[in-house]
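Below: one structure, written as C-alpha cells.
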Number of protein chains: 2
Amino acid sequence: MSRPTIAGVARAAGVSVASVSRVLNGLPATEEMAERVQRAVADLGYVPDSRARSLKVGRTFQLTLAVADVGNPVYVTMMRAVEEVVSAAGYRLVVTTTGPEIVDEVALVRGMARGYADGLLISPIRVDEDLVKSIRECEVPVVVAGNVPAKAGVDTVRANSPKGMLLAVNHLVAKGRRRIAFLNGPADTVPGTARAKGFADALKAHKLQPIAVAEATDFTFTAGRAAAPALLGVKVSAGLPDAVICANDLLAVGLMHELAAAGLEVPADVAVVGMDDSELAEQCFPTLTSVNLGSAERGRRAAELLLARIEDNDRTPRRIVVQPSLSIRRSTP
Amino acid sequence: MSRPTIAGVARAAGVSVASVSRVLNGLPATEEMAERVQRAVADLGYVPDSRARSLKVGRTFQLTLAVADVGNPVYVTMMRAVEEVVSAAGYRLVVTTTGPEIVDEVALVRGMARGYADGLLISPIRVDEDLVKSIRECEVPVVVAGNVPAKAGVDTVRANSPKGMLLAVNHLVAKGRRRIAFLNGPADTVPGTARAKGFADALKAHKLQPIAVAEATDFTFTAGRAAAPALLGVKVSAGLPDAVICANDLLAVGLMHELAAAGLEVPADVAVVGMDDSELAEQCFPTLTSVNLGSAERGRRAAELLLARIEDNDRTPRRIVVQPSLSIRRSTP
DNA sequence: TTGTAGGCGTTATCAG
DNA sequence: CTGATAACGCCTACAA
C-alpha cells in the first residue's frame, strides 16, 4: 500500500485525473465535482508529489540558503530574516552548510542545476575565479550575501565593513583609547581582507598606528582563543593594547576568555569590540560592544532580491550595500 | 537556451539516451562510448535533473533534519553530527526550522509525503496525539531525536535527563550546596516535563527540598533572563539559593546575567549548572558546568537509525537512550 | 554492448 | 465544465 496518486483519487471519486488536478489547483469546477474530489482526497490521505509537480511546472517552490558555518550566530540572525521573507512568499527554505572549503561552495552552486531549488542565496566566505564562474553560469537565480566581483553579474547585498570599522575606532578613540589592536580572521577570506583594510584606514583617519594585528585561522571561538596570545604577548617596548577590535563576535568572545585568563579586565584594562552584533554579543559577559553589520537586513533584502529575480530574470543585477551601526555595550567604557 | 537534457547529450554524442544514462550511472559500456558521452556532457554542461531522476527511481538522496530553533546551540552540535553521518552515506542534508508551534511540526511531517526527502529526522519540543499520528502515518521513515510514545512506532534516540539531573545534583551536593533551585523551560514541553521530574527525584534522593522552581516561557536566553527574578526575589524566609540548575545552557546564561546584575557572584554566591553542554557553555563567562546529554551522539545515532531504516523499513523500531555525563567548569565551585 | 519504448505522477492542451 | 492525452526528464526492461 504505497502512496495514493492522483489517478487513485480520480478513480475513487469517479472523475478524471484532469478534474482532480483542477480542483486541487483551484481552477473552475462544479460545486459537486469539488465536493467529490475533496472527499476522495481526504479519504485516501492523498498528498501531491512535489517532484512530479515540479518536473511538470518547472518550479520547486524551494529556496536554498547556503552558509559556511551553522555555529556562527551571525548566520542565525540572517537565516531568521531570510526565512521570514521567503515563507511569506510561499517558498520553503532549506539550509545547507558548505564548510570553509571553497570547492564545496562551487560544488553546491553547480549542483543547483539539478533542480533542487528555484534559487540560491549564498554567503561565501572565500571567493575565487571558479566560484564566480559557477555563479555566473548557475542555472537558477543566485543572490550573494557578501562581496563578489561585479562581473559575476549577480545581485549582491553586502555590508560596509570599512565604515563599521570606523564606527568602532571612533567610539574607542572618543573613550580615550589609542593603543588599538586588531584580531582578524583569515586574511584570505572576503570579510578578512575587507576588515583588515577597514581597520588600517580607520586608524589612519585618526593618525594612529596599530599596536598589534593578529590573524586567527578561522572565524571561530576556538581560533580566537588561540590567536589571542599574539596580541597579548607583544614585546614590552610596544606594550599591551588598551582596546582590541575583533573581526567578528566569536573571535571577540574567544579573546575575552584569554584576557580574563591573563588577569586583564574588560573594559577597564582592555576594551573589546566585536563585529556582527549577533545574539552572542548580549549573551557573553561582559556584554559585547559590537558593530552591527546589518545581518538581518542583509538577509531580508537578499531574500527580496532573490524573489524578484525569480519573477524576472532579466532585471539588471543590483548591488546593495547595507549601512552599519554600533551597538554599545559593556565591553567598552 | 535552457538546460540540456539527456536527449540533447545523446544527440550531441550521436548515441541513444539509454547509453548516456548507462555511462552516467557507471554501467558497462565501451571505452569509446563512455568517451563520447563524457565529452558531450562536458561540452553541454549537462547536469541530470534530480527531480526527474527521483521521480523515476523513487529516491531523492536527500534527508531532512527539522529542529525547533536554529538559535539554540545544542542543535548546532546535533546538526554537525548528523551531517557527518549522512553525507558519508551519500545523502544531502537539508535543515528546516519548525518553530515552537506543534502545528508546524505536524504540517512538516505531513508534508514529507510530498517527496521532498527520503527520510526525516525530527527533534520535537512538544508532542501531542496529532504529531504522533502524523509520524506514524508518515510516508517516509522518521526518526525522532527525543521522547515520543512507543506507540508512534518509530526509532527514537533520547537523552536520559533524569540521570543527567542526578549528576548535576550529586555534584552540587558534593560541593556543599544544599539550597538548590531549578530554572525550567515551559513545563508543557517534552524536555520540560522530563527535567522537572528529574529534578524533583534527584533532590528527593538527597532528601532535599527545592528552594525555588521557576519556569521560563521558552528555552531561550531572553526567557531565562525574564524568569530569573522568580528565583532571586524569593521571600526572605526562604532565602536565596546557593545553586541553580537550568534546563538548558541558554537559560543558564540568561540567569547568569541577572545574577551579575543583582550583584551575586558565580560560583561564590550561587553555583550554576546548565544542560546540553553546548558550545555556549565554554563561550560564556564564567564557563558553565553543564550536563552533557550527548547531543552529538544522539545526532549520530539517530542518523544511523534513519539510514538503516531507509535500507530496511521492516526492522522493528529501536529506542535508544544515550547516557549523560557532566562537564565541570567554572560556574560551580 | 547498444537502442527502443514505456512509465514514474503531475499539469496543460485540446476536444467534447 | 469535463475528460482523454501528451509532455516534463529520466531510468530500465526488453529486444536487437
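Residues are named by chain letter and number: chains run A, B, ... in the order of the C-alpha cells, numbers start at 1 in each chain, and ligands are numbered from 1 in the order shown.
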
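Proximity to stretch 7-15 of chain C at 7 Å, evaluated using only C-alpha atoms (C1' of nucleotides) and with sequence-adjacent residues fewer than 6 positions away removed, yields A:Thr5, A:Asp49, A:Ala52, A:Arg53, A:Lys56, A:Val57, B:Leu55, B:Lys56.
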
| task | Quick one: pick out all alpha helix (DSSP H) residues within stretch 116-320 of chain B from a backbone DSSP run and write them as a ChimeraX atom specification. | result | /B:129-136,161-174,190-205,221-232,249-261,279-283,295-311

| said: Using only C-alpha atoms, I'd like every residue of chain B that has an atom within 9 Å of chain A; please write them out as a PyMOL selection string. | reply: chain B and resi 2-3+46-52+54-55+64+70-71+73+76-77+79-80+83+92-97+110-111+113-116+139+221+250+253-254+257+279-280+283-286

Kindly assemble as a tab-separated table a list of the chain D residues that lie within 9 Å of chain A, each paired with its nearest atom pair and their distance in Å to one decimal, using only C-alpha atoms (C1' of nucleotides), sorted first by chain and then by ascending residue number.
```
residue	atom	partner	partner_atom	distance
D:DC1	C1'	A:Ala29	CA	6.4
D:DT2	C1'	A:Ser19	CA	6.9
D:DG3	C1'	A:Ser16	CA	6.1
D:DA4	C1'	A:Ser16	CA	8.6
D:DA7	C1'	A:Lys56	CA	8.3
D:DC8	C1'	A:Lys56	CA	4.6
D:DG9	C1'	A:Leu55	CA	7.7
```

Just the selected residues (N, CA, C and O atoms (P, O5', C5', C4', C3', O3' and C1' of nucleotides)), exported as a PDB file, in the first residue's frame, please.
```
ATOM      1  P    DC D   1     -16.618  26.481 -15.295  1.00  0.00           P
ATOM      2  O5'  DC D   1     -17.628  25.421 -16.008  1.00  0.00           O
ATOM      3  C5'  DC D   1     -18.537  24.718 -15.191  1.00  0.00           C
ATOM      4  C4'  DC D   1     -18.523  23.254 -15.589  1.00  0.00           C
ATOM      5  C3'  DC D   1     -17.396  22.430 -14.940  1.00  0.00           C
ATOM      6  O3'  DC D   1     -17.938  21.133 -14.613  1.00  0.00           O
ATOM      7  C1'  DC D   1     -17.231  22.291 -17.297  1.00  0.00           C
ATOM      8  P    DT D   2     -17.139  20.131 -13.679  1.00  0.00           P
ATOM      9  O5'  DT D   2     -16.580  19.075 -14.717  1.00  0.00           O
ATOM     10  C5'  DT D   2     -17.484  18.191 -15.369  1.00  0.00           C
ATOM     11  C4'  DT D   2     -16.747  17.484 -16.486  1.00  0.00           C
ATOM     12  C3'  DT D   2     -15.596  16.585 -16.042  1.00  0.00           C
ATOM     13  O3'  DT D   2     -15.986  15.238 -16.288  1.00  0.00           O
ATOM     14  C1'  DT D   2     -15.058  17.827 -18.005  1.00  0.00           C
ATOM     15  P    DG D   3     -15.069  14.049 -15.693  1.00  0.00           P
ATOM     16  O5'  DG D   3     -14.329  13.576 -17.026  1.00  0.00           O
ATOM     17  C5'  DG D   3     -15.114  13.318 -18.184  1.00  0.00           C
ATOM     18  C4'  DG D   3     -14.209  12.978 -19.349  1.00  0.00           C
ATOM     19  C3'  DG D   3     -13.042  12.045 -19.009  1.00  0.00           C
ATOM     20  O3'  DG D   3     -12.948  11.052 -20.016  1.00  0.00           O
ATOM     21  C1'  DG D   3     -12.214  14.039 -19.995  1.00  0.00           C
ATOM     22  P    DA D   4     -12.089   9.762 -19.787  1.00  0.00           P
ATOM     23  O5'  DA D   4     -10.978   9.954 -20.906  1.00  0.00           O
ATOM     24  C5'  DA D   4     -11.342   9.841 -22.274  1.00  0.00           C
ATOM     25  C4'  DA D   4     -10.274  10.439 -23.158  1.00  0.00           C
ATOM     26  C3'  DA D   4      -8.938   9.668 -23.158  1.00  0.00           C
ATOM     27  O3'  DA D   4      -8.518   9.546 -24.498  1.00  0.00           O
ATOM     28  C1'  DA D   4      -8.556  11.945 -22.653  1.00  0.00           C
ATOM     29  P    DA D   7       3.719  15.363 -27.228  1.00  0.00           P
ATOM     30  O5'  DA D   7       4.387  14.579 -26.023  1.00  0.00           O
ATOM     31  C5'  DA D   7       5.631  15.009 -25.503  1.00  0.00           C
ATOM     32  C4'  DA D   7       5.426  16.187 -24.573  1.00  0.00           C
ATOM     33  C3'  DA D   7       6.605  16.345 -23.618  1.00  0.00           C
ATOM     34  O3'  DA D   7       7.103  17.656 -23.710  1.00  0.00           O
ATOM     35  C1'  DA D   7       4.545  16.080 -22.396  1.00  0.00           C
ATOM     36  P    DC D   8       8.667  17.892 -23.564  1.00  0.00           P
ATOM     37  O5'  DC D   8       8.949  18.002 -21.995  1.00  0.00           O
ATOM     38  C5'  DC D   8       8.484  19.097 -21.223  1.00  0.00           C
ATOM     39  C4'  DC D   8       8.752  18.790 -19.765  1.00  0.00           C
ATOM     40  C3'  DC D   8      10.052  18.018 -19.545  1.00  0.00           C
ATOM     41  O3'  DC D   8      11.073  18.947 -19.201  1.00  0.00           O
ATOM     42  C1'  DC D   8       8.218  17.131 -18.233  1.00  0.00           C
ATOM     43  P    DG D   9      12.461  18.894 -19.966  1.00  0.00           P
ATOM     44  O5'  DG D   9      13.219  17.691 -19.252  1.00  0.00           O
ATOM     45  C5'  DG D   9      13.569  17.812 -17.891  1.00  0.00           C
ATOM     46  C4'  DG D   9      14.055  16.464 -17.393  1.00  0.00           C
ATOM     47  C3'  DG D   9      15.179  15.840 -18.224  1.00  0.00           C
ATOM     48  O3'  DG D   9      16.246  15.535 -17.342  1.00  0.00           O
ATOM     49  C1'  DG D   9      13.453  14.289 -17.878  1.00  0.00           C
TER      50       DG D   9
END
```

| Every residue of stretch 79-150 of chain A that DSSP places in strand (DSSP E or B), as a PyMOL selection string | chain A and resi 92-97+119-122+142-145

| note | Computed gap from atom CA of B:Val82 to atom CA of B:Gly299 is 5.1 Å

Please, which residues of chain C lie no more than 7 Å from chain B when the count uses only C-alpha atoms (C1' of nucleotides), and can they be set out as a PDB file with N, CA and C atoms (P, O5', C5', C4', C3', O3' and C1' of nucleotides), in the first residue's frame?
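Ended up saving to iface_9.pdb:
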```
ATOM      1  P    DT C   1      29.415  -5.902 -22.527  1.00  0.00           P
ATOM      2  O5'  DT C   1      29.184  -4.465 -23.182  1.00  0.00           O
ATOM      3  C5'  DT C   1      30.104  -3.889 -23.999  1.00  0.00           C
ATOM      4  C4'  DT C   1      29.365  -3.452 -25.226  1.00  0.00           C
ATOM      5  C3'  DT C   1      28.678  -2.098 -25.067  1.00  0.00           C
ATOM      6  O3'  DT C   1      28.993  -1.301 -26.188  1.00  0.00           O
ATOM      7  C1'  DT C   1      27.122  -3.737 -25.826  1.00  0.00           C
ATOM      8  P    DT C   2      28.598   0.202 -26.270  1.00  0.00           P
ATOM      9  O5'  DT C   2      27.122   0.186 -26.827  1.00  0.00           O
ATOM     10  C5'  DT C   2      26.889   0.242 -28.231  1.00  0.00           C
ATOM     11  C4'  DT C   2      25.427   0.079 -28.498  1.00  0.00           C
ATOM     12  C3'  DT C   2      24.565   1.301 -28.198  1.00  0.00           C
ATOM     13  O3'  DT C   2      24.250   1.922 -29.426  1.00  0.00           O
ATOM     14  C1'  DT C   2      23.504  -0.747 -27.621  1.00  0.00           C
ATOM     15  P    DG C   3      23.443   3.298 -29.393  1.00  0.00           P
ATOM     16  O5'  DG C   3      21.938   2.801 -29.606  1.00  0.00           O
ATOM     17  C5'  DG C   3      21.604   2.100 -30.783  1.00  0.00           C
ATOM     18  C4'  DG C   3      20.167   1.627 -30.703  1.00  0.00           C
ATOM     19  C3'  DG C   3      19.138   2.746 -30.485  1.00  0.00           C
ATOM     20  O3'  DG C   3      18.075   2.565 -31.407  1.00  0.00           O
ATOM     21  C1'  DG C   3      18.849   1.056 -28.873  1.00  0.00           C
ATOM     22  P    DC C   8       3.475   4.045 -14.023  1.00  0.00           P
ATOM     23  O5'  DC C   8       4.221   4.930 -12.946  1.00  0.00           O
ATOM     24  C5'  DC C   8       5.326   4.449 -12.196  1.00  0.00           C
ATOM     25  C4'  DC C   8       6.158   5.630 -11.745  1.00  0.00           C
ATOM     26  C3'  DC C   8       5.304   6.833 -11.340  1.00  0.00           C
ATOM     27  O3'  DC C   8       5.101   6.793  -9.934  1.00  0.00           O
ATOM     28  C1'  DC C   8       7.176   7.458 -12.737  1.00  0.00           C
TER      29       DC C   8
END
```

| said: Rounded to one decimal, what separation in Å do you get between atom CA of A:Ala200 and atom CA of A:Ile320? | reply: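 Here the two named atoms are 24.0 Å from each other.
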
| Could you pull the residues within 6 Å of stretch 273-275 of chain A, counting only C-alpha atoms (C1' of nucleotides), minus those fewer than 4 positions along the same chain, as a list in words? |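 Residues meeting the cut-off are Ile245, Cys246, Ala247, Asn248, Asp249, Ala252, Thr289, Ser290 and Val291 of chain A.
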
Writing out the chosen residues with N, CA and C atoms as a PDB file, in the first residue's frame:
```pdb
ATOM      1  N   ILE A 245      39.841  45.393  18.522  1.00  0.00           N
ATOM      2  CA  ILE A 245      38.678  45.207  17.655  1.00  0.00           C
ATOM      3  C   ILE A 245      38.790  43.827  17.027  1.00  0.00           C
ATOM      4  N   CYS A 246      37.690  43.102  17.041  1.00  0.00           N
ATOM      5  CA  CYS A 246      37.731  41.735  16.509  1.00  0.00           C
ATOM      6  C   CYS A 246      36.835  41.627  15.276  1.00  0.00           C
ATOM      7  N   ALA A 247      37.255  40.805  14.355  1.00  0.00           N
ATOM      8  CA  ALA A 247      36.566  40.720  13.070  1.00  0.00           C
ATOM      9  C   ALA A 247      35.186  40.090  13.155  1.00  0.00           C
ATOM     10  N   ASN A 248      34.911  39.395  14.236  1.00  0.00           N
ATOM     11  CA  ASN A 248      33.519  39.002  14.490  1.00  0.00           C
ATOM     12  C   ASN A 248      33.322  38.692  15.972  1.00  0.00           C
ATOM     13  N   ASP A 249      32.098  38.409  16.334  1.00  0.00           N
ATOM     14  CA  ASP A 249      31.786  38.237  17.751  1.00  0.00           C
ATOM     15  C   ASP A 249      32.427  36.995  18.352  1.00  0.00           C
ATOM     16  N   ALA A 252      35.855  37.706  19.280  1.00  0.00           N
ATOM     17  CA  ALA A 252      35.877  38.612  20.427  1.00  0.00           C
ATOM     18  C   ALA A 252      35.661  37.849  21.728  1.00  0.00           C
ATOM     19  N   THR A 289      30.258  45.178  23.073  1.00  0.00           N
ATOM     20  CA  THR A 289      30.027  46.237  22.087  1.00  0.00           C
ATOM     21  C   THR A 289      30.359  45.651  20.717  1.00  0.00           C
ATOM     22  N   SER A 290      29.459  45.824  19.775  1.00  0.00           N
ATOM     23  CA  SER A 290      29.671  45.144  18.502  1.00  0.00           C
ATOM     24  C   SER A 290      29.147  45.980  17.340  1.00  0.00           C
ATOM     25  N   VAL A 291      29.849  45.886  16.241  1.00  0.00           N
ATOM     26  CA  VAL A 291      29.427  46.603  15.051  1.00  0.00           C
ATOM     27  C   VAL A 291      28.307  45.815  14.385  1.00  0.00           C
TER      28      VAL A 291
END
```

| note | re atom CA of A:Gly176 and atom CA of A:Pro241: distance 12.4 Å
